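Q: Pasting a structure below so you can have a look.
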Amino acid sequence: MKCYTPVLTLVGLLTAAPVLAAEQTVTFSVPGMHCPSCPFIVESAMGSVEGVTQVTADSDTLTAEVVFDDAVTSVEDIEFASAAAGYEAQLVTDPSDS
């Protein structure tokens, strides 16, 4: 049985690794959205980033809410993808975090 202990430990660590990744939900300010099709373009651009699982853009509030895996991508990657599509995006910080 001792022969299997290191193998079982390794298997346990490998299967637990995805649990260590954290899903983040953040809001971006996207002031360039002025028409009804803009949110779809922003959602497509941000959603194309590997690790992003959900994007909801709103042209009324000029924001985009993004759910992503921070082990796969970053806020900067999402901002870059939006900017590359023509829509500058900036992370909205929560005033209570200050």
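A note on labels: chains of the structure tokens are A, B, ... as shown, every chain counts residues from 1, and ligands are counted from 1 in their shown order.
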As a tab-separated table (two decimals) with N, CA and C atoms, in the first residue's frame, please: every residue in region 11-75 of chain A that a backbone DSSP assignment puts in strand (DSSP E or B).

A:
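Result file part-v2.tsv:
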```tsv
chain	number	residue	atom	x	y	z
A	23	GLU	N	-12.61	32.55	-8.95
A	23	GLU	CA	-13.44	33.22	-9.92
A	23	GLU	C	-13.66	34.65	-9.42
A	24	GLN	N	-13.43	35.61	-10.29
A	24	GLN	CA	-13.58	37.02	-9.94
A	24	GLN	C	-14.74	37.62	-10.73
A	25	THR	N	-15.47	38.53	-10.12
A	25	THR	CA	-16.48	39.31	-10.82
A	25	THR	C	-16.11	40.77	-10.63
A	26	VAL	N	-15.87	41.46	-11.75
A	26	VAL	CA	-15.46	42.86	-11.69
A	26	VAL	C	-16.32	43.69	-12.64
A	27	THR	N	-16.31	44.98	-12.42
A	27	THR	CA	-17.05	45.90	-13.27
A	27	THR	C	-16.07	46.87	-13.92
A	28	PHE	N	-16.25	47.06	-15.22
A	28	PHE	CA	-15.43	48.00	-15.98
A	28	PHE	C	-16.29	49.18	-16.41
A	29	SER	N	-15.71	50.35	-16.40
A	29	SER	CA	-16.33	51.51	-17.01
A	29	SER	C	-15.94	51.49	-18.49
A	52	VAL	N	-12.39	34.10	-19.41
A	52	VAL	CA	-13.62	34.87	-19.16
A	52	VAL	C	-14.80	33.94	-19.38
A	53	THR	N	-15.70	33.89	-18.39
A	53	THR	CA	-16.84	32.98	-18.49
A	53	THR	C	-18.15	33.70	-18.75
A	54	GLN	N	-18.21	35.01	-18.43
A	54	GLN	CA	-19.46	35.75	-18.64
A	54	GLN	C	-19.16	37.23	-18.74
A	55	VAL	N	-19.84	37.91	-19.67
A	55	VAL	CA	-19.74	39.37	-19.82
A	55	VAL	C	-21.14	39.92	-20.04
A	56	THR	N	-21.47	40.96	-19.29
A	56	THR	CA	-22.74	41.66	-19.48
A	56	THR	C	-22.43	43.14	-19.60
A	57	ALA	N	-22.57	43.68	-20.80
A	57	ALA	CA	-22.31	45.11	-21.04
A	57	ALA	C	-23.63	45.85	-21.13
A	58	ASP	N	-23.63	47.09	-20.65
A	58	ASP	CA	-24.84	47.90	-20.61
A	58	ASP	C	-24.53	49.31	-21.11
A	63	THR	N	-21.17	50.42	-18.55
A	63	THR	CA	-20.36	49.48	-17.78
A	63	THR	C	-20.42	48.08	-18.39
A	64	ALA	N	-19.47	47.27	-17.99
A	64	ALA	CA	-19.46	45.85	-18.35
A	64	ALA	C	-19.08	45.06	-17.11
A	65	GLU	N	-19.90	44.10	-16.77
A	65	GLU	CA	-19.60	43.21	-15.65
A	65	GLU	C	-19.01	41.93	-16.22
A	66	VAL	N	-17.86	41.53	-15.69
A	66	VAL	CA	-17.13	40.39	-16.23
A	66	VAL	C	-16.84	39.38	-15.13
A	67	VAL	N	-17.11	38.12	-15.43
A	67	VAL	CA	-16.76	37.01	-14.54
A	67	VAL	C	-15.62	36.26	-15.23
A	68	PHE	N	-14.51	36.08	-14.49
A	68	PHE	CA	-13.35	35.41	-15.08
A	68	PHE	C	-12.57	34.63	-14.04
A	69	ASP	N	-11.74	33.73	-14.53
A	69	ASP	CA	-10.87	32.91	-13.70
A	69	ASP	C	-9.53	33.61	-13.60
```

Q: Residues at most 9 Å from region 81-93 of chain A, counting only C-alpha atoms, excluding those fewer than 2 positions away in the same chain, as a list in words?

A: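 The residues satisfying every condition are Val26, Thr27, Phe28, Ser29, Val30, Pro31, Gly32, Met33, Cys38, Ile41, Val42, Glu43, Ser44, Ala45, Met46, Gly47, Ser48, Val49, Thr63, Ala64, Val75, Glu76, Asp77, Ile78, Glu79, Pro95, Ser96, Asp97 and Ser98 of chain A.
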
Q: Counting only C-alpha atoms, figure out which residue out of A:Leu62, A:Thr73, A:Ala22, A:Phe80 gets nearest to Cys35 (chain A).

A: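 Counting only C-alpha atoms, the residue closest to Cys35 (chain A) is A:Leu62.
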